[in-house]
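For reference, protein_18.csv is printed below; it contains CSV, C-alpha atoms.
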```
chain,number,residue,atom,x,y,z
A,163,MET,CA,0.0,0.0,0.0
A,164,GLY,CA,1.3,3.5,-0.9
A,165,GLN,CA,1.4,5.5,2.3
A,166,ALA,CA,2.2,8.9,0.8
A,167,THR,CA,-0.2,11.8,0.3
A,168,GLY,CA,-0.4,12.7,-3.4
A,169,TYR,CA,-0.2,16.4,-4.5
A,170,PHE,CA,-1.8,16.8,-8.0
A,171,THR,CA,-1.5,20.0,-10.0
A,172,HIS,CA,-0.5,21.3,-13.5
A,173,LYS,CA,1.0,24.5,-14.7
A,174,GLU,CA,-2.0,25.1,-17.0
A,175,CYS,CA,-4.1,25.7,-13.8
A,176,TRP,CA,-2.1,28.9,-13.3
A,177,ARG,CA,-2.8,30.1,-16.9
A,178,HIS,CA,-6.6,30.3,-16.5
A,179,GLU,CA,-7.5,33.8,-15.2
A,180,MET,CA,-10.6,35.9,-15.2
A,181,GLY,CA,-9.2,39.4,-15.4
A,182,ALA,CA,-7.3,41.9,-13.2
A,183,GLY,CA,-8.4,42.0,-9.6
A,184,HIS,CA,-10.5,38.9,-9.8
A,185,PRO,CA,-10.3,37.1,-6.4
A,186,GLU,CA,-10.1,33.6,-8.0
A,187,CYS,CA,-6.6,34.3,-9.3
A,188,PRO,CA,-3.5,32.2,-10.1
A,189,GLU,CA,-1.8,33.7,-7.1
A,190,ARG,CA,-3.9,31.4,-4.9
A,191,LEU,CA,-1.9,28.4,-6.1
A,192,ASP,CA,1.4,30.4,-5.6
A,193,ALA,CA,0.3,31.1,-2.0
A,194,ILE,CA,-0.2,27.3,-1.4
A,195,GLU,CA,3.1,26.3,-3.0
A,196,ASP,CA,5.0,29.0,-1.1
A,197,ARG,CA,3.6,27.8,2.2
A,198,LEU,CA,4.4,24.2,1.5
A,199,LEU,CA,8.0,25.1,0.7
A,200,MET,CA,8.4,27.4,3.7
A,201,SER,CA,7.0,24.8,6.1
A,202,GLY,CA,9.0,22.0,4.6
A,203,LEU,CA,5.8,20.1,4.1
A,204,ASP,CA,6.5,19.7,0.3
A,205,ILE,CA,9.0,16.9,1.0
A,206,ALA,CA,6.3,14.8,2.7
A,207,LEU,CA,4.1,14.9,-0.4
A,208,GLU,CA,4.3,12.9,-3.6
A,209,ARG,CA,3.9,15.4,-6.5
A,210,ARG,CA,2.0,14.2,-9.6
A,211,GLU,CA,1.2,16.1,-12.8
A,212,ALA,CA,-2.4,15.9,-13.7
A,213,THR,CA,-3.6,14.6,-17.1
A,214,PRO,CA,-6.7,16.0,-18.9
A,215,ALA,CA,-10.1,14.4,-18.0
A,216,PRO,CA,-11.7,12.5,-20.9
A,217,LEU,CA,-15.0,14.0,-22.0
A,218,ALA,CA,-16.7,10.6,-21.4
A,219,ASP,CA,-15.8,10.8,-17.7
A,220,LEU,CA,-17.0,14.5,-17.4
A,221,GLU,CA,-20.3,13.3,-18.8
A,222,LEU,CA,-20.8,11.2,-15.7
A,223,ALA,CA,-21.7,14.5,-14.0
A,224,HIS,CA,-22.4,16.9,-16.8
A,225,GLY,CA,-24.7,17.2,-19.8
A,226,ARG,CA,-22.9,16.8,-23.2
A,227,MET,CA,-24.3,20.2,-24.4
A,228,HIS,CA,-22.9,22.0,-21.4
A,229,LEU,CA,-19.4,20.7,-22.1
A,230,ALA,CA,-19.8,21.3,-25.8
A,231,ALA,CA,-20.8,24.9,-25.1
A,232,LEU,CA,-17.8,25.5,-22.9
A,233,ARG,CA,-15.5,24.1,-25.5
A,234,GLY,CA,-17.1,26.0,-28.3
A,235,LEU,CA,-16.9,29.3,-26.3
A,236,SER,CA,-13.2,28.6,-25.8
A,237,GLU,CA,-12.6,28.0,-29.5
A,238,GLN,CA,-14.6,31.1,-30.4
A,239,LEU,CA,-12.6,33.2,-28.0
A,240,ARG,CA,-9.3,32.1,-29.6
A,241,GLU,CA,-10.6,33.1,-33.0
A,242,ASP,CA,-11.9,36.4,-31.7
A,243,MET,CA,-8.6,37.2,-30.0
A,244,ALA,CA,-6.6,36.4,-33.1
A,245,ALA,CA,-8.8,39.0,-34.9
A,246,GLY,CA,-8.1,41.6,-32.2
A,247,GLY,CA,-11.1,40.9,-30.0
A,248,PRO,CA,-11.4,40.7,-26.2
A,249,SER,CA,-9.1,38.4,-24.1
A,250,HIS,CA,-12.0,37.1,-22.0
A,251,ALA,CA,-15.5,35.7,-22.6
A,252,GLN,CA,-18.1,36.0,-19.8
A,253,VAL,CA,-20.0,33.0,-18.7
A,254,ASP,CA,-21.9,34.7,-15.9
A,255,PRO,CA,-21.5,38.1,-14.2
A,256,ASP,CA,-18.5,36.9,-12.0
A,257,THR,CA,-17.2,34.1,-14.2
A,258,SER,CA,-15.3,34.2,-17.4
A,259,ILE,CA,-12.7,32.3,-19.5
A,260,ASN,CA,-9.5,33.1,-21.3
A,261,THR,CA,-7.8,31.1,-24.0
A,262,HIS,CA,-6.2,28.8,-21.4
A,263,SER,CA,-9.4,28.1,-19.4
A,264,TRP,CA,-10.6,25.0,-21.3
A,265,ASP,CA,-7.3,23.2,-20.8
A,266,ALA,CA,-7.3,24.2,-17.1
A,267,ILE,CA,-10.9,22.9,-16.7
A,268,LEU,CA,-9.9,19.5,-18.2
A,269,LEU,CA,-6.8,19.3,-16.0
A,270,ALA,CA,-8.5,20.3,-12.8
A,271,ALA,CA,-11.1,17.5,-13.3
A,272,GLY,CA,-8.3,15.2,-14.6
A,273,ALA,CA,-6.4,15.8,-11.4
A,274,ALA,CA,-9.4,14.5,-9.3
A,275,LEU,CA,-9.7,11.5,-11.6
A,276,ASP,CA,-6.0,10.7,-11.5
A,277,ALA,CA,-6.0,11.0,-7.7
A,278,THR,CA,-9.0,8.7,-7.5
A,279,ASP,CA,-7.2,6.1,-9.7
A,280,ALA,CA,-4.0,6.3,-7.6
A,281,VAL,CA,-5.7,6.1,-4.2
A,282,ILE,CA,-8.0,3.2,-5.2
A,283,ALA,CA,-5.0,1.4,-6.7
A,284,GLY,CA,-3.2,1.8,-3.4
A,285,GLU,CA,-0.3,3.8,-4.9
A,286,LEU,CA,-1.2,6.7,-2.5
A,287,ALA,CA,-2.8,6.8,0.9
A,288,ASN,CA,-4.8,9.9,0.0
A,289,ALA,CA,-4.5,13.0,-2.2
A,290,PHE,CA,-5.0,16.7,-2.5
A,291,CYS,CA,-5.6,18.4,-5.9
A,292,ALA,CA,-4.2,22.0,-5.9
A,293,VAL,CA,-6.2,23.0,-9.0
A,294,ARG,CA,-8.2,25.8,-10.4
A,295,PRO,CA,-10.8,26.6,-11.7
A,296,PRO,CA,-12.7,25.3,-8.6
A,297,GLY,CA,-15.8,23.2,-9.2
A,298,HIS,CA,-18.6,23.0,-6.5
A,299,HIS,CA,-20.9,25.6,-8.0
A,300,ALA,CA,-20.8,24.0,-11.5
A,301,MET,CA,-24.2,22.4,-12.0
A,302,ARG,CA,-25.0,19.5,-14.4
A,303,ASP,CA,-25.8,22.0,-17.2
A,304,LYS,CA,-24.5,25.4,-16.0
A,305,ALA,CA,-21.2,27.1,-15.1
A,306,MET,CA,-21.4,29.7,-12.4
A,307,GLY,CA,-19.6,31.1,-9.3
A,308,PHE,CA,-16.1,30.8,-10.7
A,309,CYS,CA,-16.8,27.1,-11.6
A,310,PHE,CA,-17.2,25.3,-14.9
A,311,VAL,CA,-16.9,21.6,-14.3
A,312,ASN,CA,-17.6,20.0,-10.9
A,313,ASN,CA,-14.3,18.3,-10.1
A,314,VAL,CA,-15.5,16.5,-7.0
A,315,ALA,CA,-18.8,15.4,-8.4
A,316,VAL,CA,-17.1,14.0,-11.5
A,317,ALA,CA,-14.6,12.1,-9.3
A,318,ALA,CA,-17.3,10.7,-7.0
A,319,LYS,CA,-19.4,9.4,-9.9
A,320,TYR,CA,-16.2,8.0,-11.5
A,321,ALA,CA,-15.4,6.0,-8.4
A,322,LEU,CA,-18.9,4.5,-8.5
A,323,GLU,CA,-19.2,4.0,-12.3
A,324,ARG,CA,-15.7,3.2,-13.3
A,325,HIS,CA,-14.3,1.5,-10.2
A,326,GLY,CA,-17.4,-0.2,-9.0
A,327,LEU,CA,-17.6,1.3,-5.5
A,328,LYS,CA,-21.0,1.0,-3.9
A,329,ARG,CA,-21.0,4.1,-1.5
A,330,VAL,CA,-19.0,7.3,-1.4
A,331,ALA,CA,-19.3,10.5,0.6
A,332,ILE,CA,-18.6,14.1,-0.4
A,333,VAL,CA,-17.7,16.5,2.4
A,334,ASP,CA,-17.9,20.2,1.5
A,335,PHE,CA,-16.5,22.8,4.0
A,336,ASP,CA,-16.4,25.8,1.6
A,337,VAL,CA,-18.2,28.9,3.0
A,338,HIS,CA,-20.5,28.9,0.0
A,339,HIS,CA,-23.2,26.2,-0.6
A,340,GLY,CA,-22.0,23.6,-3.1
A,341,ASN,CA,-25.2,24.1,-5.1
A,342,GLY,CA,-23.6,22.5,-8.2
A,343,THR,CA,-22.6,19.3,-6.3
A,344,GLU,CA,-26.1,19.2,-4.8
A,345,ASP,CA,-27.7,19.6,-8.3
A,346,ILE,CA,-25.6,16.6,-9.6
A,347,VAL,CA,-25.8,14.2,-6.6
A,348,ALA,CA,-29.2,14.9,-5.0
A,349,GLY,CA,-31.3,11.7,-4.9
A,350,ASP,CA,-28.3,9.4,-5.7
A,351,GLU,CA,-28.4,7.3,-2.5
A,352,ARG,CA,-24.9,5.9,-3.3
A,353,ILE,CA,-23.5,9.4,-2.5
A,354,LEU,CA,-23.8,11.1,0.9
A,355,MET,CA,-23.1,14.8,0.7
A,356,CYS,CA,-22.3,16.6,4.0
A,357,SER,CA,-21.7,20.4,4.0
A,358,PHE,CA,-22.0,23.5,6.1
A,359,TYR,CA,-22.1,27.0,4.6
A,360,GLN,CA,-22.9,30.6,5.5
A,361,HIS,CA,-26.6,31.4,4.9
A,362,PRO,CA,-28.3,33.5,3.6
A,363,PHE,CA,-25.4,34.0,1.2
A,364,TYR,CA,-24.3,33.3,-2.4
A,365,PRO,CA,-25.7,31.2,-4.1
A,366,LEU,CA,-29.2,32.1,-3.1
A,367,GLY,CA,-31.9,29.7,-4.2
A,368,GLU,CA,-33.9,26.7,-3.1
A,369,HIS,CA,-32.0,23.9,-1.3
A,370,SER,CA,-32.8,20.3,-2.1
A,371,THR,CA,-34.4,18.2,0.6
A,372,ALA,CA,-33.1,14.9,-0.8
A,373,SER,CA,-32.4,12.3,1.8
A,374,ASN,CA,-28.8,11.8,0.8
A,375,LEU,CA,-27.9,15.4,1.7
A,376,CYS,CA,-26.7,16.6,5.2
A,377,ASN,CA,-26.7,20.4,4.6
A,378,LEU,CA,-26.0,22.7,7.6
A,379,PRO,CA,-26.7,26.4,6.8
A,380,VAL,CA,-25.2,28.6,9.5
A,381,PRO,CA,-25.4,32.3,10.1
A,382,ALA,CA,-22.6,34.9,9.5
A,383,TYR,CA,-20.1,35.1,12.3
A,384,THR,CA,-20.3,31.4,13.2
A,385,ARG,CA,-17.0,30.3,14.8
A,386,GLY,CA,-15.0,27.1,14.7
A,387,MET,CA,-16.3,25.7,18.0
A,388,GLU,CA,-19.9,25.9,16.8
A,389,ILE,CA,-18.9,24.2,13.5
A,390,ARG,CA,-17.1,21.4,15.4
A,391,GLU,CA,-20.3,20.8,17.4
A,392,LEU,CA,-22.4,20.6,14.3
A,393,VAL,CA,-19.9,18.2,12.6
A,394,ASP,CA,-20.0,16.0,15.7
A,395,MET,CA,-23.8,16.0,16.0
A,396,MET,CA,-24.9,16.0,12.4
A,397,TRP,CA,-22.2,14.9,9.9
A,398,LEU,CA,-20.5,12.1,11.8
A,399,PRO,CA,-23.6,10.0,12.6
A,400,ARG,CA,-24.6,10.2,8.9
A,401,LEU,CA,-21.1,9.3,7.7
A,402,GLU,CA,-21.0,6.4,10.1
A,403,ALA,CA,-24.4,5.1,8.9
A,404,HIS,CA,-23.4,5.5,5.3
A,405,LYS,CA,-20.1,3.6,5.6
A,406,PRO,CA,-18.5,5.3,2.5
A,407,GLN,CA,-15.9,3.3,0.7
A,408,MET,CA,-14.1,6.5,-0.3
A,409,LEU,CA,-14.4,10.2,0.7
A,410,PHE,CA,-14.2,13.2,-1.5
A,411,VAL,CA,-13.6,16.7,-0.1
A,412,SER,CA,-14.6,20.0,-1.5
A,413,ALA,CA,-11.8,21.9,0.3
A,414,GLY,CA,-12.8,25.6,0.4
A,415,PHE,CA,-10.9,27.7,2.9
A,416,ASP,CA,-13.0,30.9,2.6
A,417,ALA,CA,-14.8,30.3,6.0
A,418,HIS,CA,-11.5,31.5,7.5
A,419,ARG,CA,-11.9,34.6,9.7
A,420,GLU,CA,-9.3,36.5,7.6
A,421,ASP,CA,-11.2,35.9,4.3
A,422,ASP,CA,-13.3,38.9,3.5
A,423,MET,CA,-15.3,37.1,0.8
A,424,ALA,CA,-17.5,35.9,3.6
A,425,GLN,CA,-18.2,36.5,7.3
A,426,MET,CA,-17.3,33.2,9.1
A,427,GLY,CA,-14.7,32.7,11.9
A,428,LEU,CA,-12.8,29.5,11.3
A,429,VAL,CA,-9.0,29.3,11.7
A,430,GLU,CA,-6.4,26.8,10.6
A,431,GLN,CA,-6.9,24.5,13.7
A,432,ASP,CA,-10.6,24.1,12.7
A,433,TYR,CA,-9.6,22.9,9.3
A,434,ALA,CA,-7.1,20.5,10.9
A,435,TRP,CA,-9.8,19.2,13.3
A,436,ILE,CA,-12.4,18.7,10.5
A,437,THR,CA,-9.8,16.9,8.4
A,438,GLU,CA,-9.0,14.6,11.4
A,439,ARG,CA,-12.7,13.7,11.6
A,440,ILE,CA,-12.9,12.9,7.9
A,441,LYS,CA,-9.7,10.9,8.1
A,442,GLU,CA,-11.1,8.8,11.0
A,443,VAL,CA,-14.2,8.0,9.0
A,444,ALA,CA,-12.0,7.0,6.0
A,445,GLN,CA,-9.8,4.8,8.2
A,446,ARG,CA,-12.9,3.0,9.6
A,447,HIS,CA,-14.8,2.4,6.4
A,448,ALA,CA,-12.8,3.4,3.3
A,449,LYS,CA,-9.2,2.0,3.8
A,450,GLY,CA,-8.2,5.6,4.4
A,451,ARG,CA,-9.1,6.6,0.9
A,452,ILE,CA,-9.6,10.4,0.6
A,453,VAL,CA,-9.3,12.7,-2.5
A,454,SER,CA,-9.5,16.4,-1.6
A,455,CYS,CA,-9.9,19.2,-4.2
A,456,LEU,CA,-9.3,22.9,-3.7
A,457,GLU,CA,-12.4,25.1,-3.9
A,458,GLY,CA,-12.5,28.6,-2.4
A,459,GLY,CA,-10.1,30.6,-0.2
A,460,TYR,CA,-9.2,34.1,-1.2
A,461,ALA,CA,-7.2,35.6,1.6
A,462,LEU,CA,-3.8,34.4,0.3
A,463,SER,CA,-1.9,34.0,3.6
A,464,ALA,CA,-4.8,32.3,5.3
A,465,LEU,CA,-5.3,30.0,2.3
A,466,GLY,CA,-1.7,28.9,2.4
A,467,ARG,CA,-1.8,28.2,6.1
A,468,SER,CA,-5.1,26.4,6.0
A,469,VAL,CA,-4.1,24.1,3.2
A,470,GLU,CA,-0.9,23.4,5.1
A,471,ALA,CA,-3.0,22.4,8.2
A,472,HIS,CA,-5.3,20.2,6.0
A,473,LEU,CA,-2.4,18.5,4.3
A,474,ARG,CA,-0.5,17.9,7.6
A,475,VAL,CA,-3.4,15.8,8.8
A,476,LEU,CA,-3.8,14.0,5.5
A,477,ALA,CA,0.0,13.2,5.4
A,478,GLY,CA,0.2,12.5,9.1
A,479,VAL,CA,3.1,14.8,9.7
```

Go ahead and express the file in the form of structure tokens.
Amino acid sequence: MGQATGYFTHKECWRHEMGAGHPECPERLDAIEDRLLMSGLDIALERREATPAPLADLELAHGRMHLAALRGLSEQLREDMAAGGPSHAQVDPDTSINTHSWDAILLAAGAALDATDAVIAGELANAFCAVRPPGHHAMRDKAMGFCFVNNVAVAAKYALERHGLKRVAIVDFDVHHGNGTEDIVAGDERILMCSFYQHPFYPLGEHSTASNLCNLPVPAYTRGMEIRELVDMMWLPRLEAHKPQMLFVSAGFDAHREDDMAQMGLVEQDYAWITERIKEVAQRHAKGRIVSCLEGGYALSALGRSVEAHLRVLAGV
């Protein structure tokens, strides 16, 4: 059994950007890399370069027309730019692509699939995907909220459909509701989705009441101790009952108290604690198998420190 924690990324994930001043920027990945180097944690991780996700695997979670539209928009943008047109194409008011975005989208999802393969094969104990664009707002047929393809939902479906697992869990601790993941997995009893998120907050809208969801909306200014209590009382019994054979994590770090994209009060120790609980469930039911994918986190220093805390638990160092 491989005991290392994998670290999946690709240089194309830096080349996708949505314009000057956009919070979901390439510097987010720099902040993580810098922190891992500075802390010495990089030597404890097994670095892997992601490969692009095949379209057939993306279609496990997304409609063919959605993927074709994204790809078509990307090709159109290249042609327009060559003719002196704009450098970005808008998908929604806060989400756009540049000419590198389609490649980054395929590689971000591909990292999650490669990590899933490696962890199930026993080459790695668990894995973290330092990728962008993020994914958890991407619905089956719609890109939104900085997200185009739902990396974690694709990987969860892939573990079930391609690897034959019977039950998996998705844990989403981003400050925003993973509405895209919910859209894709609601009603699929093989997948338990556990999340907490600031509410009312982006994205506003109806929340599914499907029985395979354990959603915990919390008010602004909720702190770490309150979240820990909710995780203990609400998530852990559901996860124990579900007995997932693999866990997928939508690892957003924007509930950190330094992140001004939201108004929650978590700190690094809270992310470490949550990761410990996830790891315990994985060790009991899933041979320790966890694949975590970066979602939000926009205060660069806090993001680097929080990812370090998350990875220290995954890597056991």

Legend entry - Residue with smallest distance to A:Val475 - pool A:Ala287, A:Ala321, A:Ala193, A:Ala331, counting all atoms listed in the file: A:Ala287

Inset, instruction - Would you list the residues near (-3.0, 19.8, 9.9) (no more than 12 Å away, in the coordinates of the file, using only C-alpha atoms) as a ChimeraX atom specification? - result: /A:201,203,429-439,441,466-479

Using all atoms listed in the file, which residues sit within 12 Å of stretch 371-374 of chain A once same-chain residues fewer than 5 positions away are excluded, as a compact mmCIF listing (two decimals) with C-alpha atoms, keeping the file's coordinate frame?
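Ended up saving to selection03.txt:
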```
# COMPACT_ATOMS: atom_id res chain seq x y z
CA ARG A 329 -21.00 4.10 -1.50
CA VAL A 330 -19.00 7.30 -1.40
CA ALA A 331 -19.30 10.50 0.60
CA ILE A 332 -18.60 14.10 -0.40
CA GLU A 344 -26.10 19.20 -4.80
CA ASP A 345 -27.70 19.60 -8.30
CA ILE A 346 -25.60 16.60 -9.60
CA VAL A 347 -25.80 14.20 -6.60
CA ALA A 348 -29.20 14.90 -5.00
CA GLY A 349 -31.30 11.70 -4.90
CA ASP A 350 -28.30 9.40 -5.70
CA GLU A 351 -28.40 7.30 -2.50
CA ARG A 352 -24.90 5.90 -3.30
CA ILE A 353 -23.50 9.40 -2.50
CA LEU A 354 -23.80 11.10 0.90
CA MET A 355 -23.10 14.80 0.70
CA CYS A 356 -22.30 16.60 4.00
CA SER A 357 -21.70 20.40 4.00
CA TRP A 397 -22.20 14.90 9.90
CA ARG A 400 -24.60 10.20 8.90
CA LEU A 401 -21.10 9.30 7.70
CA ALA A 403 -24.40 5.10 8.90
CA HIS A 404 -23.40 5.50 5.30
```

Cut-off 7 Å: closest stretch 205-241 of chain A/stretch 297-308 of chain A atom pairs per residue, using all atoms listed in the file, as a tab-separated table:
```
residue	atom	partner	partner_atom	distance
A:Ala223	CA	A:Arg302	CA	6.0
A:His224	CA	A:Arg302	CA	4.4
A:Gly225	CA	A:Asp303	CA	5.6
A:His228	CA	A:Asp303	CA	5.1
```

Would you kindly return, as a compact mmCIF listing (two decimals) with C-alpha atoms, keeping the file's coordinate frame, each protein, DNA or RNA residue with an atom no farther than 9 Å from any atom of stretch 269-274 of chain A, considering all atoms listed in the file and excluding same-chain residues fewer than 2 positions away?
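What landed in part.txt:
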```
# COMPACT_ATOMS: atom_id res chain seq x y z
CA PHE A 170 -1.80 16.80 -8.00
CA THR A 171 -1.50 20.00 -10.00
CA HIS A 172 -0.50 21.30 -13.50
CA GLU A 174 -2.00 25.10 -17.00
CA CYS A 175 -4.10 25.70 -13.80
CA ARG A 210 2.00 14.20 -9.60
CA GLU A 211 1.20 16.10 -12.80
CA ALA A 212 -2.40 15.90 -13.70
CA THR A 213 -3.60 14.60 -17.10
CA PRO A 214 -6.70 16.00 -18.90
CA ALA A 215 -10.10 14.40 -18.00
CA PRO A 216 -11.70 12.50 -20.90
CA LEU A 220 -17.00 14.50 -17.40
CA TRP A 264 -10.60 25.00 -21.30
CA ASP A 265 -7.30 23.20 -20.80
CA ALA A 266 -7.30 24.20 -17.10
CA ILE A 267 -10.90 22.90 -16.70
CA ASP A 276 -6.00 10.70 -11.50
CA ALA A 277 -6.00 11.00 -7.70
CA THR A 278 -9.00 8.70 -7.50
CA ASP A 279 -7.20 6.10 -9.70
CA ALA A 289 -4.50 13.00 -2.20
CA PHE A 290 -5.00 16.70 -2.50
CA CYS A 291 -5.60 18.40 -5.90
CA ALA A 292 -4.20 22.00 -5.90
CA VAL A 293 -6.20 23.00 -9.00
CA ARG A 294 -8.20 25.80 -10.40
CA PRO A 295 -10.80 26.60 -11.70
CA PRO A 296 -12.70 25.30 -8.60
CA GLY A 297 -15.80 23.20 -9.20
CA VAL A 311 -16.90 21.60 -14.30
CA ASN A 312 -17.60 20.00 -10.90
CA ASN A 313 -14.30 18.30 -10.10
CA VAL A 314 -15.50 16.50 -7.00
CA VAL A 316 -17.10 14.00 -11.50
CA ALA A 317 -14.60 12.10 -9.30
CA VAL A 453 -9.30 12.70 -2.50
CA SER A 454 -9.50 16.40 -1.60
CA CYS A 455 -9.90 19.20 -4.20
```
